[in-house]
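Engineer: Below is the file final-v5.cif, with mmCIF, N, CA and C atoms and all ligand atoms.
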```cif
data_start
loop_
_atom_site.label_atom_id
_atom_site.label_comp_id
_atom_site.auth_asym_id
_atom_site.auth_seq_id
_atom_site.Cartn_x
_atom_site.Cartn_y
_atom_site.Cartn_z
N MET A 1 35.83 -10.91 41.82
CA MET A 1 34.42 -11.16 41.42
C MET A 1 34.38 -12.10 40.20
N THR A 2 33.50 -13.05 40.21
CA THR A 2 33.39 -13.97 39.07
C THR A 2 32.48 -13.37 38.01
N SER A 3 32.52 -13.93 36.80
CA SER A 3 31.66 -13.40 35.74
C SER A 3 30.19 -13.64 36.09
N LYS A 4 29.91 -14.69 36.88
CA LYS A 4 28.53 -14.99 37.29
C LYS A 4 27.96 -13.81 38.11
N ASP A 5 28.80 -13.32 39.05
CA ASP A 5 28.36 -12.19 39.88
C ASP A 5 28.07 -10.96 39.03
N GLU A 6 28.95 -10.75 38.02
CA GLU A 6 28.77 -9.57 37.17
C GLU A 6 27.44 -9.63 36.43
N VAL A 7 27.07 -10.82 35.98
CA VAL A 7 25.79 -10.96 35.28
C VAL A 7 24.65 -10.67 36.24
N GLU A 8 24.75 -11.22 37.46
CA GLU A 8 23.67 -11.04 38.44
C GLU A 8 23.45 -9.57 38.81
N TRP A 9 24.54 -8.76 38.80
CA TRP A 9 24.43 -7.36 39.20
C TRP A 9 24.28 -6.44 38.00
N ASN A 10 24.03 -7.02 36.85
CA ASN A 10 23.94 -6.24 35.63
C ASN A 10 22.52 -5.75 35.36
N PHE A 11 21.97 -5.02 36.31
CA PHE A 11 20.65 -4.40 36.13
C PHE A 11 20.69 -3.07 36.89
N PRO A 12 19.74 -2.17 36.70
CA PRO A 12 19.78 -0.90 37.43
C PRO A 12 19.67 -1.15 38.94
N LEU A 13 20.78 -0.97 39.64
CA LEU A 13 20.80 -1.26 41.08
C LEU A 13 20.12 -0.15 41.88
N VAL A 14 20.17 1.05 41.31
CA VAL A 14 19.61 2.23 41.99
C VAL A 14 18.56 2.86 41.09
N SER A 15 17.46 3.23 41.69
CA SER A 15 16.43 3.97 40.97
C SER A 15 16.38 5.39 41.53
N ILE A 16 16.62 6.36 40.65
CA ILE A 16 16.46 7.77 41.04
C ILE A 16 15.10 8.20 40.54
N ILE A 17 14.26 8.69 41.45
CA ILE A 17 12.97 9.24 41.03
C ILE A 17 12.93 10.70 41.49
N ALA A 18 12.65 11.60 40.56
CA ALA A 18 12.55 13.02 40.90
C ALA A 18 11.12 13.49 40.69
N GLY A 19 10.69 14.42 41.52
CA GLY A 19 9.32 14.93 41.44
C GLY A 19 9.07 15.79 40.22
N SER A 20 10.14 16.35 39.66
CA SER A 20 9.99 17.23 38.49
C SER A 20 11.33 17.34 37.78
N SER A 21 11.27 17.62 36.48
CA SER A 21 12.53 17.86 35.76
C SER A 21 13.17 19.16 36.25
N SER A 22 12.40 20.01 36.95
CA SER A 22 13.00 21.23 37.50
C SER A 22 13.97 20.93 38.65
N ASP A 23 14.00 19.67 39.12
CA ASP A 23 14.95 19.26 40.17
C ASP A 23 16.29 18.81 39.57
N LYS A 24 16.46 19.02 38.27
CA LYS A 24 17.61 18.46 37.54
C LYS A 24 18.97 18.79 38.16
N ALA A 25 19.15 20.04 38.58
CA ALA A 25 20.46 20.44 39.12
C ALA A 25 20.84 19.56 40.31
N VAL A 26 19.84 19.05 41.03
CA VAL A 26 20.12 18.23 42.22
C VAL A 26 20.29 16.76 41.83
N TYR A 27 19.37 16.22 41.00
CA TYR A 27 19.52 14.78 40.69
C TYR A 27 20.69 14.51 39.75
N GLU A 28 21.16 15.55 39.06
CA GLU A 28 22.36 15.39 38.22
C GLU A 28 23.58 15.06 39.08
N LYS A 29 23.61 15.63 40.28
CA LYS A 29 24.74 15.34 41.19
C LYS A 29 24.73 13.87 41.57
N THR A 30 23.52 13.31 41.78
CA THR A 30 23.39 11.89 42.10
C THR A 30 23.85 11.05 40.92
N GLU A 31 23.36 11.41 39.75
CA GLU A 31 23.75 10.67 38.55
C GLU A 31 25.26 10.67 38.35
N ASN A 32 25.88 11.83 38.53
CA ASN A 32 27.32 11.93 38.29
C ASN A 32 28.12 10.98 39.17
N VAL A 33 27.75 10.90 40.46
CA VAL A 33 28.49 10.02 41.38
C VAL A 33 28.27 8.55 41.00
N LEU A 34 27.04 8.21 40.65
CA LEU A 34 26.76 6.82 40.26
C LEU A 34 27.53 6.46 38.99
N LYS A 35 27.55 7.39 38.04
CA LYS A 35 28.30 7.15 36.79
C LYS A 35 29.78 6.98 37.08
N GLU A 36 30.33 7.88 37.89
CA GLU A 36 31.77 7.81 38.22
C GLU A 36 32.14 6.45 38.84
N ASN A 37 31.17 5.85 39.52
CA ASN A 37 31.44 4.58 40.21
C ASN A 37 30.91 3.37 39.46
N GLY A 38 30.51 3.59 38.22
CA GLY A 38 30.09 2.48 37.34
C GLY A 38 28.82 1.78 37.81
N ILE A 39 27.95 2.51 38.47
CA ILE A 39 26.70 1.90 38.96
C ILE A 39 25.58 2.13 37.95
N ASN A 40 24.99 1.03 37.54
CA ASN A 40 23.86 1.07 36.62
C ASN A 40 22.63 1.61 37.38
N TYR A 41 21.98 2.65 36.82
CA TYR A 41 20.82 3.22 37.51
C TYR A 41 19.72 3.55 36.52
N ASP A 42 18.53 3.74 37.07
CA ASP A 42 17.39 4.16 36.26
C ASP A 42 16.96 5.54 36.76
N LEU A 43 16.55 6.41 35.85
CA LEU A 43 16.07 7.74 36.25
C LEU A 43 14.65 7.94 35.76
N GLN A 44 13.76 8.33 36.66
CA GLN A 44 12.36 8.59 36.32
C GLN A 44 11.96 9.95 36.88
N ILE A 45 11.11 10.65 36.13
CA ILE A 45 10.50 11.87 36.66
C ILE A 45 9.04 11.52 36.95
N ILE A 46 8.71 11.39 38.22
CA ILE A 46 7.33 11.04 38.59
C ILE A 46 6.98 11.81 39.88
N SER A 47 5.94 12.61 39.81
CA SER A 47 5.49 13.35 40.99
C SER A 47 4.49 12.50 41.79
N ALA A 48 4.74 12.37 43.09
CA ALA A 48 3.82 11.60 43.95
C ALA A 48 2.45 12.26 43.99
N HIS A 49 2.42 13.58 43.85
CA HIS A 49 1.14 14.30 43.90
C HIS A 49 0.43 14.35 42.55
N ARG A 50 1.22 14.52 41.49
CA ARG A 50 0.60 14.69 40.16
C ARG A 50 0.36 13.37 39.44
N ASP A 51 1.22 12.38 39.71
CA ASP A 51 1.14 11.10 38.98
C ASP A 51 1.15 9.90 39.92
N PRO A 52 0.25 9.84 40.91
CA PRO A 52 0.32 8.73 41.88
C PRO A 52 0.18 7.35 41.25
N GLU A 53 -0.67 7.22 40.24
CA GLU A 53 -0.86 5.90 39.60
C GLU A 53 0.40 5.47 38.86
N LYS A 54 1.02 6.43 38.17
CA LYS A 54 2.25 6.12 37.43
C LYS A 54 3.34 5.66 38.40
N LEU A 55 3.42 6.32 39.55
CA LEU A 55 4.42 5.96 40.55
C LEU A 55 4.19 4.54 41.04
N GLU A 56 2.96 4.24 41.36
CA GLU A 56 2.62 2.90 41.86
C GLU A 56 2.97 1.83 40.83
N GLU A 57 2.63 2.09 39.61
CA GLU A 57 2.90 1.13 38.52
C GLU A 57 4.41 0.91 38.36
N TYR A 58 5.16 1.99 38.38
CA TYR A 58 6.62 1.89 38.23
C TYR A 58 7.22 1.07 39.38
N LEU A 59 6.79 1.36 40.60
CA LEU A 59 7.37 0.68 41.76
C LEU A 59 7.08 -0.82 41.72
N ARG A 60 5.93 -1.20 41.19
CA ARG A 60 5.54 -2.61 41.13
C ARG A 60 6.54 -3.45 40.34
N SER A 61 7.14 -2.85 39.30
CA SER A 61 8.01 -3.65 38.43
C SER A 61 9.48 -3.24 38.49
N CYS A 62 9.81 -2.30 39.36
CA CYS A 62 11.20 -1.80 39.40
C CYS A 62 12.13 -2.81 40.09
N PRO A 63 13.20 -3.25 39.42
CA PRO A 63 14.10 -4.24 40.02
C PRO A 63 15.19 -3.64 40.93
N ALA A 64 15.29 -2.31 40.97
CA ALA A 64 16.38 -1.67 41.72
C ALA A 64 16.38 -2.09 43.19
N LEU A 65 17.55 -2.02 43.82
CA LEU A 65 17.70 -2.42 45.22
C LEU A 65 17.52 -1.24 46.17
N ILE A 66 17.75 -0.04 45.65
CA ILE A 66 17.69 1.18 46.48
C ILE A 66 16.99 2.27 45.69
N TYR A 67 16.14 3.02 46.38
CA TYR A 67 15.49 4.18 45.75
C TYR A 67 16.11 5.47 46.28
N ILE A 68 16.35 6.40 45.36
CA ILE A 68 16.73 7.76 45.74
C ILE A 68 15.63 8.68 45.21
N ALA A 69 14.96 9.38 46.13
CA ALA A 69 13.82 10.21 45.74
C ALA A 69 14.14 11.68 45.98
N VAL A 70 14.04 12.46 44.92
CA VAL A 70 14.45 13.87 44.93
C VAL A 70 13.21 14.73 44.75
N ALA A 71 12.93 15.61 45.70
CA ALA A 71 11.73 16.45 45.56
C ALA A 71 11.83 17.72 46.40
N GLY A 72 11.13 18.74 45.93
CA GLY A 72 11.05 20.00 46.66
C GLY A 72 9.62 20.25 47.13
N LEU A 73 9.42 21.40 47.75
CA LEU A 73 8.11 21.83 48.30
C LEU A 73 7.60 20.79 49.30
N SER A 74 6.32 20.43 49.20
CA SER A 74 5.76 19.41 50.11
C SER A 74 6.19 18.05 49.58
N ALA A 75 7.41 17.64 49.96
CA ALA A 75 8.08 16.52 49.29
C ALA A 75 7.61 15.17 49.83
N ALA A 76 6.47 14.73 49.33
CA ALA A 76 5.88 13.47 49.77
C ALA A 76 6.55 12.26 49.11
N LEU A 77 7.26 12.50 48.01
CA LEU A 77 7.74 11.39 47.17
C LEU A 77 8.53 10.30 47.94
N PRO A 78 9.57 10.66 48.72
CA PRO A 78 10.31 9.58 49.40
C PRO A 78 9.42 8.78 50.34
N GLY A 79 8.55 9.47 51.08
CA GLY A 79 7.68 8.78 52.03
C GLY A 79 6.67 7.88 51.35
N VAL A 80 6.12 8.33 50.25
CA VAL A 80 5.15 7.51 49.51
C VAL A 80 5.84 6.25 48.97
N ILE A 81 7.06 6.44 48.46
CA ILE A 81 7.80 5.26 47.97
C ILE A 81 8.04 4.29 49.13
N ALA A 82 8.47 4.82 50.27
CA ALA A 82 8.75 3.97 51.44
C ALA A 82 7.50 3.23 51.92
N SER A 83 6.34 3.81 51.66
CA SER A 83 5.09 3.16 52.08
C SER A 83 4.74 1.98 51.19
N LYS A 84 5.42 1.90 50.03
CA LYS A 84 5.06 0.87 49.04
C LYS A 84 6.18 -0.12 48.78
N THR A 85 7.29 0.00 49.51
CA THR A 85 8.41 -0.92 49.30
C THR A 85 9.09 -1.22 50.62
N GLU A 86 9.79 -2.37 50.66
CA GLU A 86 10.60 -2.72 51.83
C GLU A 86 12.06 -2.33 51.59
N LYS A 87 12.37 -1.85 50.39
CA LYS A 87 13.75 -1.50 50.05
C LYS A 87 14.13 -0.16 50.69
N PRO A 88 15.44 0.09 50.87
CA PRO A 88 15.84 1.37 51.46
C PRO A 88 15.51 2.54 50.54
N VAL A 89 15.02 3.63 51.15
CA VAL A 89 14.69 4.85 50.41
C VAL A 89 15.51 6.01 50.98
N ILE A 90 16.19 6.71 50.08
CA ILE A 90 16.99 7.88 50.48
C ILE A 90 16.33 9.11 49.86
N GLY A 91 15.97 10.06 50.70
CA GLY A 91 15.30 11.27 50.22
C GLY A 91 16.29 12.42 50.09
N VAL A 92 16.09 13.21 49.05
CA VAL A 92 16.91 14.41 48.84
C VAL A 92 15.99 15.62 48.76
N PRO A 93 16.00 16.49 49.80
CA PRO A 93 15.17 17.68 49.75
C PRO A 93 15.76 18.73 48.80
N VAL A 94 14.90 19.33 48.01
CA VAL A 94 15.34 20.33 47.03
C VAL A 94 14.89 21.72 47.50
N SER A 95 15.78 22.70 47.32
CA SER A 95 15.47 24.06 47.77
C SER A 95 14.66 24.81 46.71
N ALA A 96 13.41 24.38 46.51
CA ALA A 96 12.54 25.06 45.54
C ALA A 96 11.97 26.34 46.15
N LYS A 97 11.55 26.26 47.44
CA LYS A 97 11.03 27.41 48.20
C LYS A 97 11.53 27.28 49.64
N LEU A 98 11.45 28.35 50.41
CA LEU A 98 11.80 28.36 51.84
C LEU A 98 13.20 27.78 52.09
N GLY A 99 14.08 27.92 51.13
CA GLY A 99 15.44 27.41 51.27
C GLY A 99 15.50 25.89 51.36
N GLY A 100 14.38 25.23 51.09
CA GLY A 100 14.35 23.76 51.12
C GLY A 100 13.92 23.20 52.46
N LEU A 101 13.64 24.09 53.42
CA LEU A 101 13.24 23.63 54.76
C LEU A 101 11.90 22.88 54.72
N ASP A 102 11.01 23.33 53.86
CA ASP A 102 9.71 22.64 53.70
C ASP A 102 9.93 21.19 53.26
N ALA A 103 10.78 21.00 52.27
CA ALA A 103 11.04 19.64 51.75
C ALA A 103 11.80 18.80 52.77
N LEU A 104 12.77 19.43 53.44
CA LEU A 104 13.57 18.71 54.45
C LEU A 104 12.65 18.14 55.54
N LEU A 105 11.77 18.99 56.06
CA LEU A 105 10.89 18.54 57.15
C LEU A 105 9.89 17.50 56.64
N SER A 106 9.41 17.66 55.43
CA SER A 106 8.48 16.67 54.85
C SER A 106 9.14 15.30 54.77
N ILE A 107 10.42 15.28 54.41
CA ILE A 107 11.12 14.00 54.21
C ILE A 107 11.54 13.38 55.54
N VAL A 108 12.00 14.23 56.46
CA VAL A 108 12.53 13.73 57.74
C VAL A 108 11.43 13.23 58.67
N GLN A 109 10.28 13.88 58.67
CA GLN A 109 9.27 13.60 59.69
C GLN A 109 8.34 12.45 59.30
N MET A 110 8.95 11.29 59.10
CA MET A 110 8.15 10.11 58.75
C MET A 110 7.59 9.45 60.01
N PRO A 111 6.43 8.85 59.90
CA PRO A 111 5.86 8.17 61.06
C PRO A 111 6.61 6.86 61.35
N PRO A 112 6.46 6.34 62.59
CA PRO A 112 7.14 5.10 62.95
C PRO A 112 6.83 3.98 61.97
N ARG A 113 7.85 3.16 61.70
CA ARG A 113 7.78 1.95 60.85
C ARG A 113 7.83 2.26 59.35
N VAL A 114 7.92 3.54 58.98
CA VAL A 114 8.07 3.86 57.55
C VAL A 114 9.32 4.75 57.40
N PRO A 115 10.51 4.12 57.48
CA PRO A 115 11.74 4.93 57.51
C PRO A 115 12.17 5.46 56.15
N VAL A 116 12.68 6.68 56.17
CA VAL A 116 13.32 7.27 54.99
C VAL A 116 14.63 7.89 55.47
N ALA A 117 15.74 7.56 54.82
CA ALA A 117 17.00 8.23 55.12
C ALA A 117 17.00 9.56 54.38
N CYS A 118 17.51 10.59 55.02
CA CYS A 118 17.45 11.92 54.39
C CYS A 118 18.83 12.57 54.38
N VAL A 119 19.27 13.02 53.23
CA VAL A 119 20.53 13.76 53.13
C VAL A 119 20.23 15.26 53.18
N GLY A 120 21.27 16.07 53.12
CA GLY A 120 21.08 17.51 53.25
C GLY A 120 20.36 18.13 52.05
N ILE A 121 19.94 19.36 52.25
CA ILE A 121 19.22 20.09 51.20
C ILE A 121 20.10 20.24 49.95
N ASP A 122 19.58 19.78 48.82
CA ASP A 122 20.27 19.83 47.52
C ASP A 122 21.51 18.92 47.45
N ARG A 123 21.68 18.04 48.44
CA ARG A 123 22.89 17.19 48.51
C ARG A 123 22.70 15.89 47.74
N GLY A 124 22.38 16.02 46.46
CA GLY A 124 22.15 14.85 45.61
C GLY A 124 23.32 13.88 45.59
N GLU A 125 24.54 14.42 45.68
CA GLU A 125 25.73 13.55 45.64
C GLU A 125 25.78 12.64 46.86
N ASN A 126 25.35 13.15 48.01
CA ASN A 126 25.42 12.32 49.23
C ASN A 126 24.45 11.15 49.18
N ALA A 127 23.34 11.33 48.51
CA ALA A 127 22.40 10.21 48.35
C ALA A 127 23.09 9.08 47.59
N ALA A 128 23.86 9.44 46.58
CA ALA A 128 24.58 8.43 45.80
C ALA A 128 25.67 7.78 46.64
N TYR A 129 26.39 8.58 47.42
CA TYR A 129 27.46 8.00 48.25
C TYR A 129 26.87 7.06 49.31
N LEU A 130 25.72 7.40 49.85
CA LEU A 130 25.07 6.50 50.82
C LEU A 130 24.62 5.21 50.13
N ALA A 131 24.07 5.34 48.94
CA ALA A 131 23.66 4.15 48.17
C ALA A 131 24.86 3.25 47.89
N LEU A 132 26.01 3.84 47.58
CA LEU A 132 27.23 3.05 47.33
C LEU A 132 27.61 2.23 48.56
N ARG A 133 27.45 2.84 49.73
CA ARG A 133 27.79 2.12 50.98
C ARG A 133 26.83 0.96 51.22
N ILE A 134 25.56 1.17 50.94
CA ILE A 134 24.57 0.08 51.12
C ILE A 134 24.86 -1.04 50.12
N LEU A 135 25.16 -0.66 48.88
CA LEU A 135 25.47 -1.67 47.85
C LEU A 135 26.71 -2.48 48.22
N ALA A 136 27.70 -1.81 48.83
CA ALA A 136 28.92 -2.52 49.22
C ALA A 136 28.59 -3.60 50.25
N LEU A 137 27.70 -3.32 51.17
CA LEU A 137 27.28 -4.31 52.18
C LEU A 137 26.57 -5.48 51.51
N LEU A 138 25.69 -5.16 50.58
CA LEU A 138 24.94 -6.22 49.89
C LEU A 138 25.87 -7.11 49.09
N LYS A 139 26.86 -6.50 48.45
CA LYS A 139 27.81 -7.27 47.64
C LYS A 139 28.65 -8.17 48.52
N LYS A 140 29.08 -7.63 49.67
CA LYS A 140 29.90 -8.40 50.61
C LYS A 140 29.11 -9.63 51.05
N ASP A 141 27.85 -9.43 51.33
CA ASP A 141 26.97 -10.50 51.78
C ASP A 141 26.82 -11.56 50.68
N GLN A 142 26.67 -11.08 49.44
CA GLN A 142 26.47 -11.99 48.31
C GLN A 142 27.74 -12.80 48.01
N ASP A 143 28.91 -12.18 48.22
CA ASP A 143 30.19 -12.85 47.89
C ASP A 143 30.57 -13.91 48.91
N LYS A 144 29.86 -13.99 50.03
CA LYS A 144 30.19 -14.96 51.10
C LYS A 144 30.12 -16.39 50.61
N1 LIG A 201 6.85 18.41 43.49
C1 LIG A 201 6.30 17.90 42.37
N2 LIG A 201 5.22 17.17 42.72
C2 LIG A 201 5.09 17.21 44.04
C3 LIG A 201 6.11 18.01 44.55
N3 LIG A 201 6.34 18.30 45.83
C4 LIG A 201 8.03 19.27 43.59
C5 LIG A 201 9.13 18.98 42.61
C6 LIG A 201 9.83 20.31 42.49
C7 LIG A 201 8.75 21.32 42.83
O1 LIG A 201 7.63 20.57 43.31
O2 LIG A 201 9.98 17.95 43.12
O3 LIG A 201 10.88 20.45 43.43
C8 LIG A 201 8.31 22.19 41.66
O4 LIG A 201 7.94 21.35 40.58
P1 LIG A 201 7.55 21.97 39.13
O5 LIG A 201 7.29 20.80 38.23
O6 LIG A 201 6.35 22.82 39.34
O7 LIG A 201 8.77 22.76 38.69
#
```
What is this structure when it is put down as structure tokens?
Structural biologist:
Amino acid sequence: MTSKDEVEWNFPLVSIIAGSSSDKAVYEKTENVLKENGINYDLQIISAHRDPEKLEEYLRSCPALIYIAVAGLSAALPGVIASKTEKPVIGVPVSAKLGGLDALLSIVQMPPRVPVACVGIDRGENAAYLALRILALLKKDQDK
């Protein structure tokens, strides 16, 4: 890799957005994997239901290439993000109630043309590993 490439990739490549700080045990797993792999990321706590305007404003100026959205209960966050961006969105259902089945189904059952990738319940680390794979493809493409 040349120093030029390093400068170009020197911004938060991944944005982690969690619906609440109570999701910390799950989004910490995502953070740990990104840190271990030297990936610059941004972390925001924004609820799609409680702070819709704040979410919209953040998305408008966010430079990240991939979003990871962590939420429990009626987890609208990943889907709402996907409705406002063309970038890949990875959802992480949190087991706040019903063992996380409520959040899992909310994230998985997206309507046609608004895709969200979904990892397992509380599997914050897998969201990061999937993001690493997407970033590797983008880097390969850029290095051509
Ligand atoms: N949540 C927050 N806004 C909308 C939703 N679905 C989720 C959070 C968290 C759960 O509700 O992602 O998993 C409980 O949040 P809190 O802040 O009440 O602890």
Engineer: Please check which protein, DNA or RNA residues sit within 9 Å of ligand LIG 201 (chain A), counting only C-alpha atoms and all ligand atoms, and write them as JSON, numbers by chain.
Structural biologist: {"A": [18, 19, 20, 21, 22, 23, 45, 46, 47, 48, 49, 50, 51, 70, 71, 72, 73, 74, 75, 76, 77, 93, 94, 95, 96, 97, 103]}
Engineer: Counting all atoms listed in the file, I want the residues whose atoms come within 6 Å of (17.9, 8.0, 45.8) in the file frame, returned as a PyMOL selection string.
Structural biologist: chain A and resi 15-17+66-70+90-91+127
Engineer: Point out the residue among A:Pro78, A:Pro112, A:Pro12, A:Gly99 with the least atom-to-atom distance to A:Gly38, counting only C-alpha atoms.
Structural biologist: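 Closest to A:Gly38, using only C-alpha atoms: A:Pro12.
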Engineer: What are the DSSP strand (DSSP E) residues of chain A, as a VMD selection string?
Structural biologist: chain A and resid 14 to 18 41 to 45 66 to 72 89 to 94 117 to 118
Engineer: Write to file, as a compact mmCIF listing (two decimals), keeping the file's coordinate frame, the residues of the selection just made, with N, CA and C atoms.
Structural biologist:
```
# COMPACT_ATOMS: atom_id res chain seq x y z
N VAL A 14 20.17 1.05 41.31
CA VAL A 14 19.61 2.23 41.99
C VAL A 14 18.56 2.86 41.09
N SER A 15 17.46 3.23 41.69
CA SER A 15 16.43 3.97 40.97
C SER A 15 16.38 5.39 41.53
N ILE A 16 16.62 6.36 40.65
CA ILE A 16 16.46 7.77 41.04
C ILE A 16 15.10 8.20 40.54
N ILE A 17 14.26 8.69 41.45
CA ILE A 17 12.97 9.24 41.03
C ILE A 17 12.93 10.70 41.49
N ALA A 18 12.65 11.60 40.56
CA ALA A 18 12.55 13.02 40.90
C ALA A 18 11.12 13.49 40.69
N TYR A 41 21.98 2.65 36.82
CA TYR A 41 20.82 3.22 37.51
C TYR A 41 19.72 3.55 36.52
N ASP A 42 18.53 3.74 37.07
CA ASP A 42 17.39 4.16 36.26
C ASP A 42 16.96 5.54 36.76
N LEU A 43 16.55 6.41 35.85
CA LEU A 43 16.07 7.74 36.25
C LEU A 43 14.65 7.94 35.76
N GLN A 44 13.76 8.33 36.66
CA GLN A 44 12.36 8.59 36.32
C GLN A 44 11.96 9.95 36.88
N ILE A 45 11.11 10.65 36.13
CA ILE A 45 10.50 11.87 36.66
C ILE A 45 9.04 11.52 36.95
N ILE A 66 17.75 -0.04 45.65
CA ILE A 66 17.69 1.18 46.48
C ILE A 66 16.99 2.27 45.69
N TYR A 67 16.14 3.02 46.38
CA TYR A 67 15.49 4.18 45.75
C TYR A 67 16.11 5.47 46.28
N ILE A 68 16.35 6.40 45.36
CA ILE A 68 16.73 7.76 45.74
C ILE A 68 15.63 8.68 45.21
N ALA A 69 14.96 9.38 46.13
CA ALA A 69 13.82 10.21 45.74
C ALA A 69 14.14 11.68 45.98
N VAL A 70 14.04 12.46 44.92
CA VAL A 70 14.45 13.87 44.93
C VAL A 70 13.21 14.73 44.75
N ALA A 71 12.93 15.61 45.70
CA ALA A 71 11.73 16.45 45.56
C ALA A 71 11.83 17.72 46.40
N GLY A 72 11.13 18.74 45.93
CA GLY A 72 11.05 20.00 46.66
C GLY A 72 9.62 20.25 47.13
N VAL A 89 15.02 3.63 51.15
CA VAL A 89 14.69 4.85 50.41
C VAL A 89 15.51 6.01 50.98
N ILE A 90 16.19 6.71 50.08
CA ILE A 90 16.99 7.88 50.48
C ILE A 90 16.33 9.11 49.86
N GLY A 91 15.97 10.06 50.70
CA GLY A 91 15.30 11.27 50.22
C GLY A 91 16.29 12.42 50.09
N VAL A 92 16.09 13.21 49.05
CA VAL A 92 16.91 14.41 48.84
C VAL A 92 15.99 15.62 48.76
N PRO A 93 16.00 16.49 49.80
CA PRO A 93 15.17 17.68 49.75
C PRO A 93 15.76 18.73 48.80
N VAL A 94 14.90 19.33 48.01
CA VAL A 94 15.34 20.33 47.03
C VAL A 94 14.89 21.72 47.50
N ALA A 117 15.74 7.56 54.82
CA ALA A 117 17.00 8.23 55.12
C ALA A 117 17.00 9.56 54.38
N CYS A 118 17.51 10.59 55.02
CA CYS A 118 17.45 11.92 54.39
C CYS A 118 18.83 12.57 54.38
```
Engineer: What does the distance between atom N of A:Ile81 and atom N of A:Trp9 come to in Å, to one decimal place?
Structural biologist: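 These atoms are spaced 25.1 Å apart.
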Engineer: Contacts of A:Asn40 at 7 Å or less, counting only N, CA and C atoms, minus same-chain residues fewer than 4 places along, as a list in words?
Structural biologist: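 Answer for this query is Phe11, Pro12, Leu13, Val14, Ser15, Leu34 and Lys35 of chain A.
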Engineer: Do you know which residues lie at most 6.5 Å from (8.3, 1.8, 45.7), with coordinates as in the file and only N, CA and C atoms counted, and could you write them as a list in words?
Structural biologist: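 Every polymer residue passing the test: Tyr58, Leu59, Arg60, Val80, Ile81, Ala82, Lys84 and Thr85 of chain A.
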Engineer: When you count only N, CA and C atoms, which of these residues is closest to A:Ile107: A:Leu43, A:Val92, A:Leu55, A:Ala131?
Structural biologist: A:Val92
